[in-house]
Structure formats: C-alpha cells, structure tokens
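J.: So here's target26.txt, just compact mmCIF, C-alpha atoms:
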# COMPACT_ATOMS: atom_id res chain seq x y z
CA MET L 1 14.67 -19.95 6.21
CA LYS L 2 14.16 -16.61 4.57
CA SER L 3 11.98 -14.02 6.20
CA PRO L 4 8.77 -13.14 4.32
CA ASP L 5 8.95 -9.54 5.45
CA SER L 6 11.69 -8.88 2.97
CA GLN L 7 9.78 -5.96 1.49
CA PHE L 8 11.25 -4.08 4.48
CA GLN L 9 14.77 -5.23 3.61
CA GLN L 10 17.20 -3.66 1.20
CA SER L 11 17.40 -5.07 -2.32
CA PRO L 12 20.61 -6.93 -3.26
CA GLU L 13 23.40 -4.53 -4.06
CA SER L 14 23.94 -3.82 -7.73
CA PRO L 15 27.18 -2.67 -9.36
CA GLN L 16 27.99 0.90 -8.38
CA GLU L 17 27.42 3.52 -11.08
CA PRO L 18 28.50 7.17 -11.08
CA LEU L 19 25.76 9.33 -9.59
CA SER L 20 24.28 11.97 -11.85
CA LEU L 21 23.79 15.57 -10.71
CA GLU L 22 20.06 14.94 -10.62
CA ARG L 23 20.56 11.87 -8.42
CA LEU L 24 22.90 13.74 -6.07
CA THR L 25 20.42 16.60 -5.77
CA ALA L 26 17.61 14.15 -5.05
CA LEU L 27 19.69 12.39 -2.38
CA GLU L 28 20.57 15.69 -0.70
CA SER L 29 16.93 16.80 -0.76
CA ALA L 30 15.78 13.44 0.59
CA ALA L 31 18.38 13.47 3.37
CA THR L 32 17.26 16.93 4.48
CA SER L 33 13.63 15.84 4.41
CA VAL L 34 14.35 12.67 6.39
CA ALA L 35 16.34 14.58 9.03
CA LYS L 36 13.61 17.17 9.48
CA GLU L 37 10.88 14.56 9.63
CA ALA L 38 12.87 12.45 12.10
CA GLU L 39 13.22 15.47 14.40
CA ASN L 40 9.51 16.19 14.16
CA ALA L 41 8.69 12.54 14.76
CA VAL L 42 10.65 12.57 18.05
CA LEU L 43 8.79 15.67 19.20
CA GLN L 44 5.48 14.12 18.23
CA GLN L 45 6.30 10.92 20.06
CA GLN L 46 7.11 12.89 23.20
CA LYS L 47 3.76 14.63 22.94
CA ALA L 48 1.76 11.51 22.16
CA GLU L 49 -0.64 11.03 25.06
CA GLY L 50 0.09 7.95 27.10
CA PHE L 51 2.58 6.63 24.55
CA ILE L 52 4.95 5.24 27.20
CA ALA L 53 2.12 3.46 28.99
CA SER L 54 0.90 2.10 25.68
CA GLN L 55 4.36 0.86 24.78
CA LYS L 56 4.73 -0.96 28.09
CA GLN L 57 1.33 -2.60 27.69
CA ALA L 58 2.22 -3.60 24.13
CA ASN L 59 5.41 -5.28 25.33
CA GLU L 60 3.45 -7.19 27.97
CA ILE L 61 1.14 -8.46 25.22
CA ARG L 62 4.10 -9.27 23.00
CA ARG L 63 5.68 -11.34 25.79
CA GLU L 64 2.45 -13.32 26.16
CA LEU L 65 2.42 -13.97 22.42
CA GLY L 66 6.09 -14.94 22.36
CA ILE L 67 7.21 -11.94 20.25
CA ALA L 68 10.39 -9.97 20.88
CA GLU L 69 9.80 -6.81 22.88
CA GLN L 70 9.91 -3.43 21.17
CA PRO L 71 12.74 -1.17 22.38
CA SER L 72 11.78 2.10 24.00
CA GLY L 73 11.44 4.91 21.44
CA VAL L 74 11.05 7.91 23.76
CA SER L 75 12.38 9.05 27.10
CA GLU L 76 10.53 7.82 30.16
CA GLN L 77 11.72 10.74 32.31
CA GLU L 78 9.10 13.32 31.40
CA PRO L 79 6.25 11.80 29.38
CA TYR L 80 3.69 14.17 27.93
CA LYS L 81 0.95 15.06 30.42
CA SER L 82 -2.64 15.46 29.32
CA LYS L 83 -5.98 16.14 30.96
CA ALA L 84 -7.51 13.46 28.76
CA PRO L 85 -7.82 9.85 30.02
CA GLU L 86 -4.62 7.84 29.74
CA ALA L 87 -4.32 6.04 26.42
CA GLY L 88 -3.94 2.28 26.43
CA ILE L 89 -2.71 -0.03 23.71
CA LYS L 90 -5.25 -2.62 22.60
CA THR L 91 -4.41 -6.22 21.80
CA GLU L 92 -6.03 -5.58 18.41
CA VAL L 93 -3.08 -3.41 17.34
CA VAL L 94 -0.41 -5.92 18.30
CA ARG L 95 0.68 -8.04 15.37
CA HIS L 96 -0.08 -11.74 15.72
CA PRO L 97 2.84 -14.18 15.43
CA ASP L 98 1.40 -15.81 12.29
CA GLU L 99 0.15 -12.59 10.69
CA SER L 100 1.81 -11.07 7.63
CA ASP L 101 2.60 -7.36 7.66
CA SER L 102 -0.06 -6.65 5.00
CA GLU L 103 -2.79 -8.49 6.89
CA PHE L 104 -1.82 -6.64 10.05
CA LEU L 105 -1.85 -3.17 8.47
CA PHE L 106 -5.27 -3.66 6.91
CA ARG L 107 -6.68 -4.95 10.20
CA ALA L 108 -5.01 -2.34 12.38
CA GLY L 109 -6.30 0.48 10.19
CA LYS L 110 -9.83 -0.49 11.16
CA GLU L 111 -8.87 -0.40 14.83
CA VAL L 112 -7.49 3.12 14.47
CA THR L 113 -10.78 4.17 12.89
CA LYS L 114 -12.63 2.68 15.86
CA GLN L 115 -10.33 4.62 18.19
CA ILE L 116 -11.20 7.88 16.44
CA GLY L 117 -14.88 7.02 16.74
CA GLU L 118 -14.50 6.47 20.48
CA GLU L 119 -12.76 9.81 20.86
CA THR L 120 -15.32 11.76 18.88
CA GLY L 121 -18.36 9.87 20.11
CA SER L 122 -19.54 9.18 16.57
CA LYS L 123 -18.94 6.60 13.88
CA VAL L 124 -16.24 7.50 11.35
CA PHE L 125 -17.90 6.92 8.01
CA ASP L 126 -15.08 8.27 5.85
CA PRO L 127 -11.60 8.21 7.43
CA TYR L 128 -10.19 9.43 4.12
CA ARG L 129 -11.51 12.91 4.88
CA ILE L 130 -9.34 13.17 8.01
CA LEU L 131 -6.12 15.16 7.62
CA GLU L 132 -3.04 14.62 9.78
CA ASN L 133 -3.49 17.86 11.76
CA ALA L 134 -7.00 16.77 12.75
CA LEU L 135 -5.75 13.60 14.49
CA SER L 136 -5.35 13.72 18.27
CA PRO L 137 -1.97 13.01 19.91
CA ARG L 138 -3.48 9.81 21.26
CA THR L 139 -4.46 8.61 17.79
CA LYS L 140 -1.08 9.57 16.35
CA GLY L 141 0.58 7.60 19.12
CA MET L 142 -1.58 4.60 18.29
CA ILE L 143 -0.66 4.88 14.61
CA ALA L 144 3.04 5.10 15.54
CA GLN L 145 2.64 1.90 17.55
CA VAL L 146 0.98 0.20 14.56
CA MET L 147 3.90 1.16 12.32
CA GLU L 148 6.37 -0.33 14.80
CA GLU L 149 4.34 -3.53 15.00
CA ALA L 150 4.31 -3.74 11.19
CA ARG L 151 8.11 -3.81 11.24
CA GLN L 152 8.20 -6.90 13.47
CA HIS L 153 8.84 -10.30 11.95
CA GLY L 154 6.36 -13.12 12.27
CA THR L 155 7.53 -15.81 14.65
CA ARG L 156 5.25 -18.72 13.82
CA GLU L 157 5.63 -20.88 10.74
CA ARG L 158 2.51 -21.83 8.81
CA SER L 159 1.56 -22.89 5.32
CA ILE L 160 -0.16 -20.36 3.08
CA ASP L 161 -3.89 -21.03 2.71
CA ASN L 162 -5.66 -18.61 0.38
CA SER L 163 -8.98 -20.47 0.29
CA GLU L 164 -10.74 -18.14 2.74
CA ALA L 165 -9.47 -15.06 0.91
CA LEU L 166 -10.69 -16.46 -2.41
CA ARG L 167 -14.15 -17.11 -0.98
CA SER L 168 -14.30 -13.59 0.43
CA ILE L 169 -13.14 -12.07 -2.87
CA GLU L 170 -15.75 -13.96 -4.85
CA GLN L 171 -18.47 -12.42 -2.69
CA SER L 172 -16.95 -8.93 -2.84
CA ILE L 173 -16.38 -8.25 -6.54
CA GLY L 174 -18.15 -5.02 -7.43
CA VAL L 175 -19.24 -3.47 -10.71
CA ASN L 176 -17.71 -0.29 -12.12
CA GLU L 177 -20.57 1.75 -13.56
CA LYS L 178 -18.25 4.30 -15.15
CA LYS L 179 -17.71 3.89 -18.88
CA ALA L 180 -14.48 5.03 -20.53
CA THR L 181 -12.84 3.62 -23.64
CA THR L 182 -11.06 6.65 -25.13
CA GLU L 183 -8.51 9.17 -23.88
CA ASP L 184 -11.11 11.96 -23.87
CA GLU L 185 -13.43 9.86 -21.72
CA PHE L 186 -10.66 8.95 -19.30
CA GLU L 187 -9.71 12.62 -18.99
CA ARG L 188 -13.08 13.14 -17.28
CA THR L 189 -12.07 10.71 -14.53
CA GLN L 190 -9.53 11.28 -11.73
CA ARG L 191 -6.19 11.20 -13.55
CA LYS L 192 -3.86 12.81 -11.01
CA ARG L 193 -4.05 10.60 -7.96
CA ARG L 194 -1.38 11.35 -5.38
CA LEU L 195 0.61 9.07 -3.12
CA PHE L 196 -0.16 10.87 0.16
CA GLU L 197 -1.75 14.23 -0.53
CA ILE L 198 -5.53 14.56 -0.48
CA GLN L 199 -6.56 16.92 -3.26
CA PRO L 200 -9.17 19.69 -3.08
CA GLY L 201 -12.61 18.76 -4.30
CA LYS L 202 -15.91 17.37 -3.14
CA SER L 203 -15.80 14.07 -5.01
CA SER L 204 -14.65 10.95 -3.19
CA ALA L 205 -11.92 10.45 -5.82
CA SER L 206 -10.20 13.65 -4.65
CA ARG L 207 -9.71 12.05 -1.22
CA GLU L 208 -8.47 8.70 -2.48
CA THR L 209 -4.69 8.34 -2.59
CA TYR L 210 -2.45 5.40 -3.42
CA TRP L 211 -1.38 5.24 0.23
CA ASN L 212 -4.78 5.38 1.92
CA THR L 213 -6.40 2.86 -0.42
CA LEU L 214 -3.54 0.41 -1.01
CA PHE L 215 -1.55 0.54 2.24
CA PHE L 216 -3.10 2.21 5.31
CA PRO L 217 -6.05 4.63 5.79
CA TYR L 218 -4.11 7.42 7.52
CA ASN L 219 -1.17 9.61 6.54
CA THR L 220 1.13 10.75 9.38
CA GLU L 221 4.84 11.21 10.00
CA ALA L 222 4.98 7.66 11.33
CA THR L 223 3.30 6.15 8.26
CA ARG L 224 5.52 8.13 5.89
CA GLY L 225 8.50 6.71 7.76
CA LEU L 226 7.27 3.19 7.03
CA ALA L 227 6.61 4.16 3.41
CA ARG L 228 10.27 5.15 3.04
CA GLU L 229 11.32 1.68 4.13
CA LEU L 230 8.79 0.01 1.83
CA LEU L 231 9.41 2.00 -1.34
CA THR L 232 12.99 3.29 -1.35
CA ASP L 233 15.13 1.60 -4.03
CA LYS L 234 12.07 -0.23 -5.38
CA THR L 235 10.88 -0.50 -8.97
CA ILE L 236 7.24 0.57 -9.05
CA VAL L 237 4.96 -0.05 -12.03
CA VAL L 238 1.63 1.78 -12.05
CA LEU L 239 -1.13 0.42 -14.27
CA GLY L 240 -3.29 3.22 -15.68
CA GLY L 241 -1.63 6.02 -13.70
CA GLY L 242 -2.87 8.85 -15.92
CA HIS L 243 -0.98 12.08 -15.19
CA ALA L 244 0.44 11.00 -11.82
CA HIS L 245 3.57 12.66 -10.40
CA LEU L 246 4.31 9.91 -7.87
CA LYS L 247 8.11 9.95 -8.05
CA GLU L 248 8.12 13.72 -7.64
CA GLU L 249 5.99 13.40 -4.50
CA MET L 250 8.09 10.54 -3.18
CA LEU L 251 11.30 12.55 -3.43
CA LYS L 252 9.67 15.39 -1.47
CA ASN L 253 8.98 12.87 1.31
CA GLY L 254 12.45 11.32 1.41
CA ILE L 255 11.52 8.26 -0.67
CA ILE L 256 13.99 7.46 -3.47
CA PRO L 257 12.53 4.74 -5.68
CA ARG L 258 14.71 3.00 -8.20
CA GLU L 259 12.11 3.65 -10.89
CA VAL L 260 8.46 4.59 -11.31
CA LEU L 261 6.80 3.75 -14.65
CA ASN L 262 3.23 4.41 -15.72
CA ILE L 263 1.66 1.84 -18.06
CA ASP L 264 -1.13 3.79 -19.75
CA PRO L 265 -2.25 3.73 -23.41
CA PHE L 266 -4.51 6.75 -22.87
CA VAL L 267 -1.85 9.43 -22.26
CA SER L 268 -0.81 10.97 -25.56
CA ALA L 269 0.84 14.07 -24.04
CA PRO L 270 2.59 13.40 -20.68
CA GLU L 271 2.84 16.39 -18.36
CA LEU L 272 6.16 17.95 -17.42
CA GLY L 273 7.44 16.22 -14.29
CA ALA L 274 4.93 13.36 -14.53
CA ASP L 275 6.04 9.75 -14.19
CA PRO L 276 7.39 8.31 -17.47
CA VAL L 277 4.58 6.84 -19.56
CA VAL L 278 4.79 3.53 -21.40
CA PRO L 279 1.89 3.80 -23.90
CA VAL L 280 0.77 0.18 -23.96
CA SER L 281 -2.06 -1.70 -22.29
CA ALA L 282 -1.51 -3.67 -19.08
CA THR L 283 -3.14 -6.56 -20.96
CA ASP L 284 -0.67 -6.49 -23.89
CA VAL L 285 0.96 -9.88 -24.41
CA GLY L 286 4.23 -8.12 -25.17
CA LEU L 287 4.25 -5.97 -22.01
CA SER L 288 7.23 -7.69 -20.38
CA GLU L 289 9.29 -7.30 -23.56
CA VAL L 290 8.39 -3.61 -23.79
CA LEU L 291 9.47 -3.06 -20.19
CA ARG L 292 12.64 -5.03 -20.71
CA GLY L 293 13.46 -2.58 -23.47
CA ARG L 294 13.12 0.16 -20.84
CA GLY L 295 15.55 -1.66 -18.55
CA ILE L 296 12.85 -3.16 -16.30
CA GLU L 297 13.17 -6.91 -15.76
CA LYS L 298 10.95 -7.21 -12.69
CA ALA L 299 8.77 -4.94 -10.55
CA ASP L 300 8.85 -4.82 -6.75
CA GLU L 301 5.47 -3.06 -6.63
CA ILE L 302 2.56 -3.10 -9.09
CA TRP L 303 -0.30 -0.70 -8.41
CA ALA L 304 -3.70 -0.57 -10.10
CA GLU L 305 -5.86 2.23 -8.68
CA TYR L 306 -9.27 2.46 -10.34
CA SER L 307 -7.87 1.28 -13.65
CA VAL L 308 -7.63 -2.43 -14.41
CA PRO L 309 -9.52 -4.70 -14.20
CA ALA L 310 -12.35 -2.23 -13.51
CA TYR L 311 -12.45 -0.89 -17.09
CA LEU L 312 -11.72 -4.11 -19.00
CA LYS L 313 -14.53 -5.38 -21.24
CA ASP L 314 -13.20 -8.64 -22.65
CA PRO L 315 -12.77 -11.49 -20.11
CA SER L 316 -9.65 -12.58 -21.99
CA GLU L 317 -8.09 -9.20 -21.16
CA ILE L 318 -8.62 -9.87 -17.46
CA THR L 319 -6.84 -13.21 -17.88
CA ALA L 320 -3.98 -11.51 -19.76
CA LEU L 321 -3.70 -8.81 -17.08
CA PHE L 322 -3.00 -11.30 -14.30
CA GLN L 323 -0.66 -13.30 -16.52
CA ASN L 324 1.36 -10.12 -17.03
CA ILE L 325 1.36 -9.43 -13.29
CA ASP L 326 2.64 -12.94 -12.67
CA THR L 327 5.41 -12.52 -15.26
CA LEU L 328 6.47 -9.07 -14.09
CA LEU L 329 6.31 -9.35 -10.29
CA ALA L 330 9.61 -10.05 -8.54
CA GLU L 331 9.98 -12.50 -5.66
CA ASN L 332 8.71 -10.78 -2.50
CA GLY L 333 7.07 -8.23 -4.80
CA SER L 334 3.55 -6.95 -4.14
CA ALA L 335 0.62 -6.26 -6.48
CA ARG L 336 -2.07 -3.99 -5.05
CA ILE L 337 -5.39 -3.65 -6.87
CA TRP L 338 -8.23 -1.39 -5.79
CA PRO L 339 -11.14 -1.38 -6.17
CA LEU L 340 -11.97 -5.01 -6.89
CA GLU L 341 -14.47 -4.36 -9.67
CA VAL L 342 -15.32 -5.45 -13.21
CA SER L 343 -16.78 -3.31 -15.95
CA THR L 344 -20.55 -2.88 -16.20
CA GLY L 345 -22.68 -4.51 -18.88
CA SER L 346 -25.41 -7.11 -19.14
CA GLU L 347 -25.81 -9.62 -16.34
CA GLU L 348 -24.18 -12.26 -18.51
CA GLU L 349 -21.24 -10.01 -19.44
CA ILE L 350 -20.62 -9.08 -15.83
CA GLN L 351 -20.67 -12.72 -14.76
CA LEU L 352 -18.17 -13.69 -17.48
CA ARG L 353 -15.81 -10.95 -16.28
CA LYS L 354 -16.16 -12.02 -12.65
CA THR L 355 -15.48 -15.63 -13.63
CA ALA L 356 -12.31 -14.61 -15.50
CA LEU L 357 -11.16 -12.63 -12.46
CA MET L 358 -11.74 -15.49 -10.04
CA GLU L 359 -10.13 -18.06 -12.32
CA SER L 360 -7.07 -15.83 -12.71
CA LEU L 361 -6.64 -15.38 -8.95
CA THR L 362 -7.26 -19.08 -8.30
CA ASN L 363 -4.59 -20.06 -10.84
CA LEU L 364 -2.08 -17.63 -9.34
CA CYS L 365 -2.71 -19.01 -5.87
CA ALA L 366 -2.20 -22.65 -6.81
CA GLY L 367 0.39 -24.02 -4.39
CA GLU L 368 2.11 -21.45 -2.18
CA LYS L 369 3.38 -19.08 -4.84
CA TYR L 370 1.37 -16.08 -3.61
CA GLU L 371 -0.02 -14.67 -0.42
CA LEU L 372 -3.52 -13.34 -1.17
CA VAL L 373 -5.31 -10.81 1.04
CA LYS L 374 -8.69 -9.23 0.47
CA PHE L 375 -8.98 -5.81 2.10
CA ASP L 376 -11.44 -2.93 2.25
CA ALA L 377 -10.71 0.74 1.57
CA ALA L 378 -13.06 3.68 1.06
CA GLY L 379 -16.06 1.38 1.12
CA ARG L 380 -14.78 -0.96 -1.62
CA ALA L 381 -12.89 -4.23 -1.64
CA GLY L 382 -9.34 -4.56 -2.91
CA VAL L 383 -6.81 -7.33 -3.51
CA PHE L 384 -3.22 -7.64 -2.31
CA LEU L 385 -0.91 -10.25 -3.86
CA ARG L 386 2.62 -10.93 -2.65
CA ARG L 387 4.85 -13.27 -4.58
CA MET L 388 6.69 -15.45 -2.10
CA ASP L 389 10.26 -16.65 -2.18
CA GLU L 390 10.36 -20.22 -3.40
CA GLY L 391 9.97 -22.46 -0.36
CA THR L 392 9.18 -19.57 2.01
CA LYS L 393 6.43 -20.39 4.46
CA GLU L 394 7.29 -18.29 7.46
CA LYS L 395 5.00 -15.23 7.68
Could the structure of this file be written out as structure tokens, please?
T.:
Amino acid sequence: MKSPDSQFQQSPESPQEPLSLERLTALESAATSVAKEAENAVLQQQKAEGFIASQKQANEIRRELGIAEQPSGVSEQEPYKSKAPEAGIKTEVVRHPDESDSEFLFRAGKEVTKQIGEETGSKVFDPYRILENALSPRTKGMIAQVMEEARQHGTRERSIDNSEALRSIEQSIGVNEKKATTEDEFERTQRKRRLFEIQPGKSSASRETYWNTLFFPYNTEATRGLARELLTDKTIVVLGGGHAHLKEEMLKNGIIPREVLNIDPFVSAPELGADPVVPVSATDVGLSEVLRGRGIEKADEIWAEYSVPAYLKDPSEITALFQNIDTLLAENGSARIWPLEVSTGSEEEIQLRKTALMESLTNLCAGEKYELVKFDAAGRAGVFLRRMDEGTKEK
C-alpha cells in the first residue's frame, strides 16, 4: 500500500535535461543556503532548552502509541543548561497513528501557541506578530520536535471520513466585506504576500504569509527545513497571487520548485522578478488548456490566499473554481484555501454563494478521493484538500 505522506517524497524522475546557467546558479545558491542553515540548525538544537529530555519523553509516548522511535538529533554529552524550568514534551505534540501530517501540523500549531502563552503568562492573541528571534529556545525546541513528528508516517489504516470536516466548514464560512472587481481596486489590497517574511505595516495583512496561514503559524529554521522537503521540485499554482515573488523567496531559502505560476487576471504589468503571470481567471473553463500550453499538466500545490472564492460574485463561478481545482490537482497534491469566505451582498446572495461552496466541497469529497481538513489561521477558517492516490487509505 502506498504511503499517504508522499508529499514528503521525491516526485518520479523525469528525463534529464541540460541545466541552464540560471538553474546552475540557483542550485549553487540553494546548496550554500542549505549548508549554512543546517549548521545553524545544529547549533540551535544544542541550545534548545531541555531538548534531549523532550526527545526522550516523546519516544516514550511514541512507544506507547506503537510508532517508531525518533533517532537522536543532538549529542547527549553536554546538553544546553538553563536556569529556566526543564522543558517537557507534551502528548499533544506527538502525532497520532491515524493522523495525517496536515491535521497534525494544524493541531500542533495551537499547542505551540499555548506553550508561548504559558511562558509569557498571557494569552497569545496574534501569533503572527511573533518573529523568530522573539521565540525562546524552549519554544524553538518544541517547534523542532513538531517538524520531526510531521515527517513520521501514520501507522494505522482507516477509511477517510470527511463528514465532520464538512459540518465544521458549513458553520465556519465567513463573509468577505471587501469589494474589488477591477485591477485598480485590487491594487488597494495586499498584493505582495510573502512565503515566510512578515512585511512592515500595521495592518493584519502585512503579517499574513502563505506559510503562517496555509501551513504552520511560526517561521523558524526547523519549519523552513520542512518547507524545503514539501516544496522542492513541486509545481505550485497560485490563484490571485498579485505581485508575489514567491519563487525568488524560495530560492533564497534553499527551496527549488519545479515551477511557480500566478493565475491572476488583474495584473496587467508584472513586476521584474515576480512569479510568471497567467492572465486568466481561476474560474475559466479553459484554465487547464491554458496551463497545458505553458507546459503544466498537473499542480502539486494550489494556493488561494485571500483571493478565490472570497471575491467571487456568481455562485456558478464558485462551482467552476472547484471543478478546475479537481482537474488540475495531481495525485497526492494539496489545495490550500484561506480564508474560507464568500463575497458580501444581500442575505440571499450570500446564502447562494455559501450553498455553491458547500455543494462543491461535498461533490469533491464523494467517496475517498480527497482528504478534507478545516483549519484556523489568523482568526479565520481555511480549507485544506489533498487528492489521494487511488485506493490509498493509510494516513
């Protein structure tokens, strides 16, 4: 039986092609970045308060749950000493045998936020304000443990049941009060979202990144290491990406995607260095043909960050959007949509849009074709869809 965690595995090898100078330069830059970050990660691990004790406790929990033990990642000879109380790993940040990696990461992110609240003595209302250098060694150690747990394979077979997620989604659909239908209007919204980097500014949108809203709330060396495994050699399609420079940022962090394309009909003049723009709507019935003309047969990742369906007016466009996602997404591919909102309007219009959204998700989840997870980020709900291998049931 195939493993469902294949998003951590390498894609099938394709015929070798001569590497361009640009590709060679990118590889050299990425290799240097990876080496430097790996060295820093080792130093950070050695400094992480109580990391060895936490790792031992985690392995004890893993043995009880019937999961393979995690190999030691740091030397046990001279663990970092701290005046603070010894850190302990919680059962909440050990991945359950029947839990998918996505479910685990969303759940564990909340536990890290609780940990920070315990350290500071106050509730963390907005974890997206917290920069890496503000995290304690103990919290960084906890996050490193979470990343290792996310790499583990599920050990218990179960059928996919999306009924609970569908019920939760139905109760969580929000309403986007922002109105934008032209390029000029969209230019007044956040059009340069980053992958990792929080941008200057007081608005909440300046703190929202693709990583902290679609993957995990915090950005550290350990999480960037996991991101490299998730996104390297992947085809990523961004719906409504504006003026994003995601590939440029990925290369700086040692991530070498196969391709990053931005589907956005409201970008008439792409910026230098920005991701290539395909000027069509994500609801266009001919989207797959357009992408095929660009050499894209399937996408490993589809991201919609404050774009669709939040700005769609016609319920039929919402239906078309999810049909395109279904056509474009590769087996073991993931679609990540945040926030889970429909466009504002009259009460009747809003309800029609919500109905179209729920019907689309319900149709996609018929049988065991998709794993569906509802998650929360920055105070709003989101949806994660993973297309399963045919016949795959192991999580």
J.: Show me as a compact mmCIF listing (two decimals) with C-alpha atoms, in the coordinates of the input the residues that reach within 12 Å of (-0.9, -16.8, -8.9), counting only C-alpha atoms and using the file's own coordinates.
T.:
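Final output, selection-v3.txt:
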# COMPACT_ATOMS: atom_id res chain seq x y z
CA ASN L 162 -5.66 -18.61 0.38
CA LEU L 166 -10.69 -16.46 -2.41
CA THR L 319 -6.84 -13.21 -17.88
CA LEU L 321 -3.70 -8.81 -17.08
CA PHE L 322 -3.00 -11.30 -14.30
CA GLN L 323 -0.66 -13.30 -16.52
CA ASN L 324 1.36 -10.12 -17.03
CA ILE L 325 1.36 -9.43 -13.29
CA ASP L 326 2.64 -12.94 -12.67
CA THR L 327 5.41 -12.52 -15.26
CA LEU L 328 6.47 -9.07 -14.09
CA LEU L 329 6.31 -9.35 -10.29
CA SER L 334 3.55 -6.95 -4.14
CA ALA L 335 0.62 -6.26 -6.48
CA LEU L 357 -11.16 -12.63 -12.46
CA MET L 358 -11.74 -15.49 -10.04
CA GLU L 359 -10.13 -18.06 -12.32
CA SER L 360 -7.07 -15.83 -12.71
CA LEU L 361 -6.64 -15.38 -8.95
CA THR L 362 -7.26 -19.08 -8.30
CA ASN L 363 -4.59 -20.06 -10.84
CA LEU L 364 -2.08 -17.63 -9.34
CA CYS L 365 -2.71 -19.01 -5.87
CA ALA L 366 -2.20 -22.65 -6.81
CA GLY L 367 0.39 -24.02 -4.39
CA GLU L 368 2.11 -21.45 -2.18
CA LYS L 369 3.38 -19.08 -4.84
CA TYR L 370 1.37 -16.08 -3.61
CA GLU L 371 -0.02 -14.67 -0.42
CA LEU L 372 -3.52 -13.34 -1.17
CA PHE L 384 -3.22 -7.64 -2.31
CA LEU L 385 -0.91 -10.25 -3.86
CA ARG L 386 2.62 -10.93 -2.65
CA ARG L 387 4.85 -13.27 -4.58
CA MET L 388 6.69 -15.45 -2.10
J.: Give me the residues near range 99-109 of chain L as a CSV table (one decimal) with C-alpha atoms, in the frame of the given file, where near means some atom within 7 Å (using all atoms listed in the file) and where sequence neighbours in that chain fewer than 3 positions away do not count.
T.:
chain,number,residue,atom,x,y,z
L,92,GLU,CA,-6.0,-5.6,18.4
L,93,VAL,CA,-3.1,-3.4,17.3
L,95,ARG,CA,0.7,-8.0,15.4
L,96,HIS,CA,-0.1,-11.7,15.7
L,112,VAL,CA,-7.5,3.1,14.5
L,113,THR,CA,-10.8,4.2,12.9
L,146,VAL,CA,1.0,0.2,14.6
L,150,ALA,CA,4.3,-3.7,11.2
L,154,GLY,CA,6.4,-13.1,12.3
L,216,PHE,CA,-3.1,2.2,5.3
L,217,PRO,CA,-6.0,4.6,5.8
L,373,VAL,CA,-5.3,-10.8,1.0
L,375,PHE,CA,-9.0,-5.8,2.1
L,395,LYS,CA,5.0,-15.2,7.7
J.: Can you measure CA of Glu331 in chain L to CA of Gly286 in chain L for me? One decimal in Å is fine.
T.: 20.8 Å
J.: Residues at most 7 Å from Phe196 in chain L, counting all atoms listed in the file, excluding those fewer than 3 positions away in the same chain, as a ChimeraX atom specification?
T.: /L:209-211,219
J.: Select, counting only C-alpha atoms, all protein, DNA and RNA residues no farther than 10 Å from (-3.5, 8.1, -14.9) in file coordinates, and express the selection as a VMD selection string.
T.: chain L and resid 186 to 187 189 to 193 238 to 245 262 to 267 270 274 to 275 277 304 to 307
J.: Report, in Å with one decimal, the straight-line distance from CA of Val383 in chain L to CA of Glu301 in chain L.
T.: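 The value is 13.4 Å.
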J.: When distances are computed from all atoms listed in the file, which of L:Glu349, L:Gly295, L:Thr220, L:Pro257 shows the smallest separation from Asn133 in chain L?
T.: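 Nearest candidate to Asn133 in chain L out of L:Glu349, L:Gly295, L:Thr220, L:Pro257: L:Thr220.
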J.: For Pro279 in chain L, which residue out of L:Ile160, L:Arg129, L:Glu183, L:Ala299 is the nearest one, using all atoms listed in the file?
T.: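 Result for the nearest residue to Pro279 in chain L: L:Glu183.
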